[in-house]
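Undergrad: Please see the structure below; I have some questions.
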Number of protein chains: 2
Amino acid sequence: MGMENILRTTASRWMEGKGNFADVVISCRIRLARNLEQHPFPNALSEIQAKQVIDEVQTAVCKAPKEMGIFQFAALEDVSPLERFVLVEKHLISPQHAENPVGRAVAIKEDQSVSIMVNEEDHLRIQCLLPGLNLENAWNEASQIDDMLEGSLDIAYGEKSGYLTACPTNVGTGLRASAMVHLPALVLTNQVSRVLGLLPQLGLAVRGLYGEGSEVMGNLFQVSNQVTLGKTEEDILANLSAVTRQIVDKEKEARQVLLQDAGEQVEDRVWRAYGLLSNARLISGQEALALLSDLRLGMDLGIVSNPVSEVFNELIVITSPAHLQFFTGREMSTTARDLERAKLIRSRLI
Amino acid sequence: MGMENILRTTASRWMEGKGNFADVVISCRIRLARNLEQHPFPNALSEIQAKQVIDEVQTAVCKAPKEMGIFQFAALEDVSPLERFVLVEKHLISPQHAENPVGRAVAIKEDQSVSIMVNEEDHLRIQCLLPGLNLENAWNEASQIDDMLEGSLDIAYGEKSGYLTACPTNVGTGLRASAMVHLPALVLTNQVSRVLGLLPQLGLAVRGLYGEGSEVMGNLFQVSNQVTLGKTEEDILANLSAVTRQIVDKEKEARQVLLQDAGEQVEDRVWRAYGLLSNARLISGQEALALLSDLRLGMDLGIVSNPVSEVFNELIVITSPAHLQFFTGREMSTTARDLERAKLIRSRLI
């Protein structure tokens, strides 16, 4: 089955470690919220109606021309709870989608750059995830999918309000654009609150590794637009791009200051992270992310040459709890996971 | 000059890492306090009298037959302050001896197993330092030196009180025997206070790495006899040997318990220490000793095969502040020492 393939393939397109400003911007994401005209919003759908929505979307997705990529489609109830959380850790579905599988589905492009959640908060959540700061490409790819689906589905759209969505914060363009930025130097120099604190005034929000309500770990921050209405898609993307580029500049300045003022301490920090990651026998997810962040800083500053950024991006994902359990094929205690995580990291770093 | 040679040779005989119970007992030491009949105790000596004592001892030491080893003799004032602290870190002279060089001297056997402090608290402090728990051999070697010196010096001895010493706690045999024990498992299992707390009742004292008043670092404890009067040398040695062997048993039991109950945690601890020691760029003396202690535990439990115990013993000494500065040939700030220490440790572990 195709979903099995996606679950087993740890390398997603966003992990390539390439793209603009890839030393600070890990990945960028476009997410479009769309709803079908003839159905109530998902929270008001009966089980039968939900199934109808899924069927309609699946039919539309199957019509996708080959050049748009091959999609795997699955009802979430056919995916085990563990596998659903593997998809969350891959950033292909939201934690909320994974937690409530009934009447929900997902379509995923084989290179894992595009996913379509069906009956999450909206009937359709089209997402495109790419490495680096490449919002325009992600937007183009998501738009193509959107156009393709709109070709066979009746999408709810109001002349004045634009795309109609379940939650008013998404009305209008229905567009959420975000960038995952790695800001170790701003954190180390205690500037991160000041820099990110300005974002709400600019219409942007800051979140943790897994989006809304999730914790910041490994100095990874998700920056996204707050407003979806009254602005064009182009304005939203231009604003996020410009602000992200400023954050990139601040982070790079802070890295240079760190190197100049505390070069020995930074080198020590990076090498200690390498020493622990390549030798520890037990390591928690939280510690792994913190040390990987230090190591990544060392890679970006040229202090260490191993690993490369693909390995870093992959390690962030595959050392997460669901991945660890999925790949060992069994449920594991916290200690067993810490043991397996340490083993996996060592195998990738040596 | 010969003292230069001793200063530059980092390998002392006690570092060999062999001998009885060498996985717990790093080294053992015999120290004999002796005084010359015709002179006041050192604290009451004039500068001229002190010089006379030094001359008399030097003459006696020079008469030593070749088979007793070659001795280097130096007035402490001819040894730089830094070099004196190198000798302290080698455990060849006491901190007190190094701090007050006026009217004091030292004779050191070339393999660094024997040293004779002149005009420390007593006119003569004869010390023999060997690897492992080999108090009898150390005692035999120290006795030979003692007999040799008594052949040409007039040693103060009372029929009833035995050897007369400056401090009454040394009167009688003038013998202080000690063993340096490495007790990481007793520390990790919180048993060390209980086990070592029993020693005063057995007439034994516990001290830190550099003897009286020094701090315990790297889980290294010095156990020595308190009483010197009213007991024969044989009793003193037998008592210390027996108690040390019990401490060895307790430590080994604790190591087995640790391996059984927390094997993964112990392995993790050992490998983390290895990872940090072989990668850190800045490391304090305190941290180095703590990590070396973890690594040594790993060696003794067969978790790591690198380094061997000679390297461990040597590292304890050569990463100390005076050694670091002596070998780089310059005075160093704390940060410079931390940098040099880290470099030295890496070079020895890789």
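Letters for chains follow the order of the structure tokens (A, B, ...), residue numbers begin at 1 for each chain, and ligand numbers begin at 1 in the order shown.
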Please give chain B as an mmCIF file with C-alpha atoms, in the first residue's frame, after it has been superposed on chain A by least squares over all Cα atoms paired in order.
TA:
data_model
loop_
_atom_site.group_PDB
_atom_site.id
_atom_site.type_symbol
_atom_site.label_atom_id
_atom_site.label_comp_id
_atom_site.auth_asym_id
_atom_site.auth_seq_id
_atom_site.Cartn_x
_atom_site.Cartn_y
_atom_site.Cartn_z
ATOM 1 C CA MET B 1 -0.078 0.006 0.005
ATOM 2 C CA GLY B 2 1.167 3.465 -0.883
ATOM 3 C CA MET B 3 0.684 5.071 2.524
ATOM 4 C CA GLU B 4 2.984 2.419 3.969
ATOM 5 C CA ASN B 5 5.633 3.613 1.535
ATOM 6 C CA ILE B 6 5.246 7.197 2.663
ATOM 7 C CA LEU B 7 5.424 6.144 6.297
ATOM 8 C CA ARG B 8 8.598 4.161 5.686
ATOM 9 C CA THR B 9 10.370 6.815 3.608
ATOM 10 C CA THR B 10 12.056 9.090 6.102
ATOM 11 C CA ALA B 11 13.410 11.531 3.523
ATOM 12 C CA SER B 12 10.824 14.206 2.735
ATOM 13 C CA ARG B 13 11.453 16.862 0.145
ATOM 14 C CA TRP B 14 11.642 19.616 2.781
ATOM 15 C CA MET B 15 14.574 17.816 4.416
ATOM 16 C CA GLU B 16 16.883 18.364 1.456
ATOM 17 C CA GLY B 17 18.474 21.230 3.335
ATOM 18 C CA LYS B 18 18.678 23.366 0.211
ATOM 19 C CA GLY B 19 16.799 26.490 -0.805
ATOM 20 C CA ASN B 20 17.146 30.141 0.134
ATOM 21 C CA PHE B 21 18.697 30.904 3.529
ATOM 22 C CA ALA B 22 18.687 27.192 4.327
ATOM 23 C CA ASP B 23 21.200 27.824 7.128
ATOM 24 C CA VAL B 24 18.433 29.539 9.101
ATOM 25 C CA VAL B 25 15.164 28.680 7.376
ATOM 26 C CA ILE B 26 14.637 24.926 7.662
ATOM 27 C CA SER B 27 11.403 24.822 5.684
ATOM 28 C CA CYS B 28 8.480 26.885 4.546
ATOM 29 C CA ARG B 29 4.851 25.958 4.231
ATOM 30 C CA ILE B 30 1.738 27.124 2.439
ATOM 31 C CA ARG B 31 -1.618 25.950 3.726
ATOM 32 C CA LEU B 32 -4.903 26.713 2.013
ATOM 33 C CA ALA B 33 -8.270 26.240 3.759
ATOM 34 C CA ARG B 34 -11.121 25.352 1.402
ATOM 35 C CA ASN B 35 -14.690 24.135 1.906
ATOM 36 C CA LEU B 36 -17.265 22.462 -0.301
ATOM 37 C CA GLU B 37 -20.347 24.504 -1.096
ATOM 38 C CA GLN B 38 -22.914 21.720 -0.597
ATOM 39 C CA HIS B 39 -21.846 20.467 2.830
ATOM 40 C CA PRO B 40 -21.905 21.855 6.384
ATOM 41 C CA PHE B 41 -18.495 22.592 7.891
ATOM 42 C CA PRO B 42 -16.766 19.458 9.264
ATOM 43 C CA ASN B 43 -17.735 20.040 12.913
ATOM 44 C CA ALA B 44 -21.410 19.828 11.833
ATOM 45 C CA LEU B 45 -21.068 16.879 9.436
ATOM 46 C CA SER B 46 -22.866 13.594 10.065
ATOM 47 C CA GLU B 47 -20.816 10.454 9.568
ATOM 48 C CA ILE B 48 -22.496 9.818 6.213
ATOM 49 C CA GLN B 49 -21.930 13.386 5.033
ATOM 50 C CA ALA B 50 -18.298 13.185 6.113
ATOM 51 C CA LYS B 51 -17.934 10.040 4.044
ATOM 52 C CA GLN B 52 -19.499 11.848 1.066
ATOM 53 C CA VAL B 53 -16.985 14.694 1.378
ATOM 54 C CA ILE B 54 -14.136 12.176 1.534
ATOM 55 C CA ASP B 55 -15.458 10.380 -1.564
ATOM 56 C CA GLU B 56 -15.833 13.601 -3.527
ATOM 57 C CA VAL B 57 -12.303 14.726 -2.635
ATOM 58 C CA GLN B 58 -10.835 11.330 -3.381
ATOM 59 C CA THR B 59 -12.453 11.331 -6.809
ATOM 60 C CA ALA B 60 -11.111 14.830 -7.488
ATOM 61 C CA VAL B 61 -7.592 13.914 -6.326
ATOM 62 C CA CYS B 62 -7.617 10.793 -8.492
ATOM 63 C CA LYS B 63 -8.209 12.966 -11.517
ATOM 64 C CA ALA B 64 -4.915 14.792 -10.924
ATOM 65 C CA PRO B 65 -2.760 14.647 -14.050
ATOM 66 C CA LYS B 66 0.427 12.639 -13.694
ATOM 67 C CA GLU B 67 2.710 15.662 -13.945
ATOM 68 C CA MET B 68 1.214 16.966 -10.667
ATOM 69 C CA GLY B 69 2.604 13.924 -8.891
ATOM 70 C CA ILE B 70 1.198 10.687 -7.554
ATOM 71 C CA PHE B 71 -1.032 10.959 -4.488
ATOM 72 C CA GLN B 72 -1.737 8.324 -1.868
ATOM 73 C CA PHE B 73 -5.181 8.608 -0.330
ATOM 74 C CA ALA B 74 -6.293 7.062 2.966
ATOM 75 C CA ALA B 75 -9.210 7.336 5.380
ATOM 76 C CA LEU B 76 -7.601 8.123 8.725
ATOM 77 C CA GLU B 77 -9.456 5.298 10.390
ATOM 78 C CA ASP B 78 -7.538 2.911 8.133
ATOM 79 C CA VAL B 79 -4.262 4.310 9.468
ATOM 80 C CA SER B 80 -3.186 3.082 12.929
ATOM 81 C CA PRO B 81 -2.874 5.636 15.750
ATOM 82 C CA LEU B 82 0.925 5.194 15.751
ATOM 83 C CA GLU B 83 1.107 5.736 11.993
ATOM 84 C CA ARG B 84 -1.050 8.846 12.263
ATOM 85 C CA PHE B 85 1.486 10.307 14.695
ATOM 86 C CA VAL B 86 4.271 9.392 12.311
ATOM 87 C CA LEU B 87 2.453 11.633 9.795
ATOM 88 C CA VAL B 88 2.249 14.401 12.421
ATOM 89 C CA GLU B 89 5.983 14.156 13.066
ATOM 90 C CA LYS B 90 6.519 14.395 9.311
ATOM 91 C CA HIS B 91 4.454 17.606 9.410
ATOM 92 C CA LEU B 92 2.024 16.065 6.894
ATOM 93 C CA ILE B 93 -1.074 16.249 9.104
ATOM 94 C CA SER B 94 -1.908 18.271 12.218
ATOM 95 C CA PRO B 95 -1.999 16.766 15.733
ATOM 96 C CA GLN B 96 -5.736 17.556 15.803
ATOM 97 C CA HIS B 97 -6.280 15.568 12.614
ATOM 98 C CA ALA B 98 -4.390 12.588 14.040
ATOM 99 C CA GLU B 99 -6.299 12.610 17.309
ATOM 100 C CA ASN B 100 -9.801 12.445 15.780
ATOM 101 C CA PRO B 101 -9.688 10.072 12.817
ATOM 102 C CA VAL B 102 -13.419 9.434 12.455
ATOM 103 C CA GLY B 103 -14.767 10.799 9.158
ATOM 104 C CA ARG B 104 -11.363 12.177 8.196
ATOM 105 C CA ALA B 105 -8.885 11.390 5.449
ATOM 106 C CA VAL B 106 -5.587 12.502 3.974
ATOM 107 C CA ALA B 107 -3.978 12.571 0.539
ATOM 108 C CA ILE B 108 -0.200 12.776 0.367
ATOM 109 C CA LYS B 109 2.034 13.349 -2.632
ATOM 110 C CA GLU B 110 4.734 10.711 -2.875
ATOM 111 C CA ASP B 111 7.657 13.098 -2.345
ATOM 112 C CA GLN B 112 5.827 14.290 0.792
ATOM 113 C CA SER B 113 5.878 17.903 -0.348
ATOM 114 C CA VAL B 114 2.083 18.133 -0.600
ATOM 115 C CA SER B 115 -0.645 16.854 1.691
ATOM 116 C CA ILE B 116 -4.382 17.398 1.693
ATOM 117 C CA MET B 117 -6.226 16.923 4.970
ATOM 118 C CA VAL B 118 -9.918 16.140 4.481
ATOM 119 C CA ASN B 119 -12.424 17.151 7.173
ATOM 120 C CA GLU B 120 -9.952 18.670 9.560
ATOM 121 C CA GLU B 121 -11.311 22.068 10.686
ATOM 122 C CA ASP B 122 -12.204 22.701 7.031
ATOM 123 C CA HIS B 123 -13.203 20.222 4.327
ATOM 124 C CA LEU B 124 -9.857 20.731 2.653
ATOM 125 C CA ARG B 125 -6.536 21.797 4.002
ATOM 126 C CA ILE B 126 -4.042 21.829 1.154
ATOM 127 C CA GLN B 127 -0.463 22.049 2.339
ATOM 128 C CA CYS B 128 2.816 22.389 0.512
ATOM 129 C CA LEU B 129 6.078 22.055 2.452
ATOM 130 C CA LEU B 130 9.447 22.939 0.867
ATOM 131 C CA PRO B 131 13.027 23.363 2.133
ATOM 132 C CA GLY B 132 14.445 26.848 2.768
ATOM 133 C CA LEU B 133 12.605 30.111 2.241
ATOM 134 C CA ASN B 134 10.768 29.365 -1.006
ATOM 135 C CA LEU B 135 7.265 30.595 -0.273
ATOM 136 C CA GLU B 136 6.605 31.506 -3.895
ATOM 137 C CA ASN B 137 7.323 27.994 -5.150
ATOM 138 C CA ALA B 138 5.298 26.493 -2.324
ATOM 139 C CA TRP B 139 2.485 28.894 -3.163
ATOM 140 C CA ASN B 140 2.615 27.954 -6.862
ATOM 141 C CA GLU B 141 2.536 24.270 -6.066
ATOM 142 C CA ALA B 142 -0.359 24.623 -3.605
ATOM 143 C CA SER B 143 -2.252 26.829 -6.056
ATOM 144 C CA GLN B 144 -1.966 24.250 -8.793
ATOM 145 C CA ILE B 145 -3.449 21.631 -6.501
ATOM 146 C CA ASP B 146 -6.136 24.112 -5.496
ATOM 147 C CA ASP B 147 -6.989 24.899 -9.133
ATOM 148 C CA MET B 148 -7.025 21.221 -9.967
ATOM 149 C CA LEU B 149 -9.466 20.481 -7.120
ATOM 150 C CA GLU B 150 -11.621 23.522 -7.889
ATOM 151 C CA GLY B 151 -11.946 22.119 -11.405
ATOM 152 C CA SER B 152 -14.068 19.256 -10.104
ATOM 153 C CA LEU B 153 -15.291 20.395 -6.665
ATOM 154 C CA ASP B 154 -17.733 23.172 -5.831
ATOM 155 C CA ILE B 155 -15.704 25.383 -3.460
ATOM 156 C CA ALA B 156 -17.454 27.828 -1.110
ATOM 157 C CA TYR B 157 -16.463 31.361 -2.086
ATOM 158 C CA GLY B 158 -18.138 34.687 -1.349
ATOM 159 C CA GLU B 159 -17.699 37.747 -3.539
ATOM 160 C CA LYS B 160 -16.867 39.960 -0.580
ATOM 161 C CA SER B 161 -15.417 37.577 1.971
ATOM 162 C CA GLY B 162 -13.414 35.333 -0.360
ATOM 163 C CA TYR B 163 -13.012 31.685 0.629
ATOM 164 C CA LEU B 164 -15.395 30.693 3.398
ATOM 165 C CA THR B 165 -13.815 28.814 6.280
ATOM 166 C CA ALA B 166 -14.988 27.150 9.480
ATOM 167 C CA CYS B 167 -13.039 29.578 11.634
ATOM 168 C CA PRO B 168 -13.275 33.311 10.798
ATOM 169 C CA THR B 169 -9.530 33.740 11.247
ATOM 170 C CA ASN B 170 -9.045 31.852 7.993
ATOM 171 C CA VAL B 171 -11.720 33.587 5.927
ATOM 172 C CA GLY B 172 -10.628 35.482 2.834
ATOM 173 C CA THR B 173 -7.580 33.994 1.222
ATOM 174 C CA GLY B 174 -7.751 30.937 3.472
ATOM 175 C CA LEU B 175 -3.998 31.159 3.307
ATOM 176 C CA ARG B 176 -1.601 30.398 6.100
ATOM 177 C CA ALA B 177 2.043 30.744 5.122
ATOM 178 C CA SER B 178 4.794 29.851 7.536
ATOM 179 C CA ALA B 179 8.539 29.470 7.835
ATOM 180 C CA MET B 180 10.367 27.212 10.279
ATOM 181 C CA VAL B 181 13.423 29.123 11.454
ATOM 182 C CA HIS B 182 16.370 27.888 13.502
ATOM 183 C CA LEU B 183 17.510 30.670 15.845
ATOM 184 C CA PRO B 184 20.169 29.297 18.204
ATOM 185 C CA ALA B 185 22.302 32.453 18.210
ATOM 186 C CA LEU B 186 19.361 34.746 18.985
ATOM 187 C CA VAL B 187 18.465 32.417 21.859
ATOM 188 C CA LEU B 188 22.073 32.217 23.148
ATOM 189 C CA THR B 189 22.450 35.990 23.053
ATOM 190 C CA ASN B 190 19.056 36.507 24.749
ATOM 191 C CA GLN B 191 17.682 38.479 21.842
ATOM 192 C CA VAL B 192 15.015 36.083 20.656
ATOM 193 C CA SER B 193 12.139 37.503 22.737
ATOM 194 C CA ARG B 194 12.921 41.008 21.574
ATOM 195 C CA VAL B 195 13.179 40.046 17.887
ATOM 196 C CA LEU B 196 10.177 37.724 17.766
ATOM 197 C CA GLY B 197 8.197 39.967 20.144
ATOM 198 C CA LEU B 198 7.844 42.478 17.296
ATOM 199 C CA LEU B 199 6.065 40.012 15.010
ATOM 200 C CA PRO B 200 2.451 40.375 16.258
ATOM 201 C CA GLN B 201 2.597 44.092 15.319
ATOM 202 C CA LEU B 202 3.528 42.937 11.817
ATOM 203 C CA GLY B 203 0.549 40.599 11.630
ATOM 204 C CA LEU B 204 2.643 37.491 12.245
ATOM 205 C CA ALA B 205 2.491 34.777 14.921
ATOM 206 C CA VAL B 206 5.234 32.579 16.422
ATOM 207 C CA ARG B 207 4.631 28.948 17.310
ATOM 208 C CA GLY B 208 6.570 25.814 18.264
ATOM 209 C CA LEU B 209 7.702 22.796 16.302
ATOM 210 C CA TYR B 210 4.261 21.284 15.683
ATOM 211 C CA GLY B 211 2.291 24.480 15.178
ATOM 212 C CA GLU B 212 -0.399 26.045 17.355
ATOM 213 C CA GLY B 213 -0.023 25.358 21.079
ATOM 214 C CA SER B 214 3.148 23.316 20.654
ATOM 215 C CA GLU B 215 6.339 23.863 22.576
ATOM 216 C CA VAL B 216 9.460 25.504 21.182
ATOM 217 C CA MET B 217 12.203 22.867 21.096
ATOM 218 C CA GLY B 218 15.647 22.833 19.555
ATOM 219 C CA ASN B 219 15.480 26.610 18.998
ATOM 220 C CA LEU B 220 13.046 25.984 16.135
ATOM 221 C CA PHE B 221 10.320 28.594 15.689
ATOM 222 C CA GLN B 222 7.430 28.653 13.250
ATOM 223 C CA VAL B 223 6.572 32.115 11.987
ATOM 224 C CA SER B 224 3.248 32.531 10.168
ATOM 225 C CA ASN B 225 0.742 35.139 9.073
ATOM 226 C CA GLN B 226 -2.171 35.920 11.404
ATOM 227 C CA VAL B 227 -4.423 37.791 8.983
ATOM 228 C CA THR B 228 -6.013 36.091 5.987
ATOM 229 C CA LEU B 229 -8.706 38.605 5.084
ATOM 230 C CA GLY B 230 -8.362 41.963 3.383
ATOM 231 C CA LYS B 231 -4.980 41.225 1.936
ATOM 232 C CA THR B 232 -3.989 39.565 -1.296
ATOM 233 C CA GLU B 233 -2.056 36.329 -1.270
ATOM 234 C CA GLU B 234 0.861 38.215 -2.785
ATOM 235 C CA ASP B 235 0.874 40.731 0.088
ATOM 236 C CA ILE B 236 0.749 37.973 2.686
ATOM 237 C CA LEU B 237 3.653 36.109 1.106
ATOM 238 C CA ALA B 238 5.680 39.269 0.525
ATOM 239 C CA ASN B 239 5.206 40.347 4.148
ATOM 240 C CA LEU B 240 6.186 36.964 5.595
ATOM 241 C CA SER B 241 9.154 36.683 3.220
ATOM 242 C CA ALA B 242 10.427 40.148 4.084
ATOM 243 C CA VAL B 243 10.089 39.660 7.833
ATOM 244 C CA THR B 244 11.642 36.193 7.681
ATOM 245 C CA ARG B 245 14.571 37.640 5.791
ATOM 246 C CA GLN B 246 14.994 40.220 8.560
ATOM 247 C CA ILE B 247 14.935 37.442 11.155
ATOM 248 C CA VAL B 248 17.560 35.623 9.094
ATOM 249 C CA ASP B 249 19.720 38.758 9.118
ATOM 250 C CA LYS B 250 19.363 39.163 12.882
ATOM 251 C CA GLU B 251 20.232 35.526 13.468
ATOM 252 C CA LYS B 252 23.278 35.743 11.207
ATOM 253 C CA GLU B 253 24.436 38.915 12.925
ATOM 254 C CA ALA B 254 24.042 37.200 16.287
ATOM 255 C CA ARG B 255 26.071 34.228 15.016
ATOM 256 C CA GLN B 256 28.896 36.537 13.987
ATOM 257 C CA VAL B 257 28.802 38.352 17.315
ATOM 258 C CA LEU B 258 28.919 35.002 19.120
ATOM 259 C CA LEU B 259 31.897 33.861 17.059
ATOM 260 C CA GLN B 260 33.757 37.110 17.695
ATOM 261 C CA ASP B 261 32.938 37.583 21.374
ATOM 262 C CA ALA B 262 32.776 33.975 22.535
ATOM 263 C CA GLY B 263 34.279 31.889 19.762
ATOM 264 C CA GLU B 264 35.890 29.420 22.136
ATOM 265 C CA GLN B 265 32.696 28.970 24.122
ATOM 266 C CA VAL B 266 30.674 28.415 20.943
ATOM 267 C CA GLU B 267 33.177 25.873 19.597
ATOM 268 C CA ASP B 268 33.131 24.127 22.956
ATOM 269 C CA ARG B 269 29.328 24.060 22.966
ATOM 270 C CA VAL B 270 29.172 22.627 19.451
ATOM 271 C CA TRP B 271 31.812 19.952 20.058
ATOM 272 C CA ARG B 272 30.258 18.965 23.362
ATOM 273 C CA ALA B 273 26.937 18.476 21.570
ATOM 274 C CA TYR B 274 28.717 16.336 18.987
ATOM 275 C CA GLY B 275 30.496 14.365 21.706
ATOM 276 C CA LEU B 276 27.265 13.686 23.580
ATOM 277 C CA LEU B 277 25.165 12.876 20.504
ATOM 278 C CA SER B 278 27.766 10.479 19.151
ATOM 279 C CA ASN B 279 28.374 8.738 22.492
ATOM 280 C CA ALA B 280 25.312 8.915 24.755
ATOM 281 C CA ARG B 281 23.438 5.668 25.338
ATOM 282 C CA LEU B 282 20.222 7.255 26.618
ATOM 283 C CA ILE B 283 18.840 10.506 25.290
ATOM 284 C CA SER B 284 15.469 12.202 25.691
ATOM 285 C CA GLY B 285 13.711 13.836 22.758
ATOM 286 C CA GLN B 286 14.051 17.248 24.367
ATOM 287 C CA GLU B 287 17.795 16.843 24.957
ATOM 288 C CA ALA B 288 18.330 15.419 21.477
ATOM 289 C CA LEU B 289 16.709 18.465 19.879
ATOM 290 C CA ALA B 290 18.687 20.855 22.066
ATOM 291 C CA LEU B 291 21.983 19.134 21.188
ATOM 292 C CA LEU B 292 21.072 18.807 17.511
ATOM 293 C CA SER B 293 20.388 22.532 17.530
ATOM 294 C CA ASP B 294 23.893 23.195 18.919
ATOM 295 C CA LEU B 295 25.390 20.851 16.343
ATOM 296 C CA ARG B 296 23.455 22.457 13.517
ATOM 297 C CA LEU B 297 24.778 25.853 14.618
ATOM 298 C CA GLY B 298 28.255 24.350 14.416
ATOM 299 C CA MET B 299 27.603 23.078 10.895
ATOM 300 C CA ASP B 300 26.301 26.458 9.782
ATOM 301 C CA LEU B 301 29.332 28.226 11.301
ATOM 302 C CA GLY B 302 31.757 25.773 9.702
ATOM 303 C CA ILE B 303 32.926 24.428 13.084
ATOM 304 C CA VAL B 304 31.964 20.836 12.254
ATOM 305 C CA SER B 305 31.543 19.300 8.822
ATOM 306 C CA ASN B 306 29.604 16.253 9.951
ATOM 307 C CA PRO B 307 26.665 15.766 9.639
ATOM 308 C CA VAL B 308 25.236 17.569 6.635
ATOM 309 C CA SER B 309 21.935 19.405 6.928
ATOM 310 C CA GLU B 310 19.861 16.578 5.393
ATOM 311 C CA VAL B 311 20.970 14.360 8.250
ATOM 312 C CA PHE B 312 20.101 17.043 10.773
ATOM 313 C CA ASN B 313 16.618 17.555 9.303
ATOM 314 C CA GLU B 314 16.003 13.843 9.128
ATOM 315 C CA LEU B 315 17.198 13.321 12.707
ATOM 316 C CA ILE B 316 14.760 15.925 14.037
ATOM 317 C CA VAL B 317 11.956 13.824 12.616
ATOM 318 C CA ILE B 318 13.075 10.225 13.028
ATOM 319 C CA THR B 319 14.052 10.624 16.686
ATOM 320 C CA SER B 320 10.477 11.635 17.580
ATOM 321 C CA PRO B 321 8.480 9.128 19.648
ATOM 322 C CA ALA B 322 6.098 7.832 16.961
ATOM 323 C CA HIS B 323 8.882 7.339 14.414
ATOM 324 C CA LEU B 324 11.015 5.450 16.927
ATOM 325 C CA GLN B 325 8.173 3.081 17.754
ATOM 326 C CA PHE B 326 7.041 2.718 14.153
ATOM 327 C CA PHE B 327 10.510 1.741 12.958
ATOM 328 C CA THR B 328 11.258 -0.661 15.797
ATOM 329 C CA GLY B 329 7.772 -2.117 15.329
ATOM 330 C CA ARG B 330 6.767 -2.042 18.976
ATOM 331 C CA GLU B 331 5.391 0.174 21.697
ATOM 332 C CA MET B 332 8.212 1.395 23.913
ATOM 333 C CA SER B 333 8.659 2.793 27.403
ATOM 334 C CA THR B 334 10.339 6.172 27.750
ATOM 335 C CA THR B 335 13.647 4.495 28.656
ATOM 336 C CA ALA B 336 13.424 2.130 25.689
ATOM 337 C CA ARG B 337 12.800 5.129 23.418
ATOM 338 C CA ASP B 338 15.721 7.026 24.956
ATOM 339 C CA LEU B 339 17.927 4.005 24.292
ATOM 340 C CA GLU B 340 16.715 3.606 20.706
ATOM 341 C CA ARG B 341 16.970 7.334 20.035
ATOM 342 C CA ALA B 342 20.588 7.392 21.215
ATOM 343 C CA LYS B 343 21.416 4.379 19.039
ATOM 344 C CA LEU B 344 19.793 5.918 15.985
ATOM 345 C CA ILE B 345 21.595 9.228 16.433
ATOM 346 C CA ARG B 346 24.959 7.495 16.878
ATOM 347 C CA SER B 347 24.392 5.447 13.731
ATOM 348 C CA ARG B 348 23.726 8.619 11.744
ATOM 349 C CA LEU B 349 26.622 10.657 13.098
ATOM 350 C CA ILE B 350 29.428 8.152 12.860
#
Undergrad: Based on DSSP run over this structure's backbone, return all residues of segment 54-252 of chain B in strand (DSSP E or B), as a ChimeraX atom specification.
TA: /B:71-75,105-109,114-118,124-131,155,157-158,162-163,172,175-182,204-208,211,220-225
Undergrad: If you run DSSP on the backbone here, which positions in segment 119-350 of chain A get alpha helix (DSSP H)? Please write them as a ChimeraX atom specification.
TA: /A:135-152,184-188,192-197,233-277,285-300,309-318,321-328,334-349
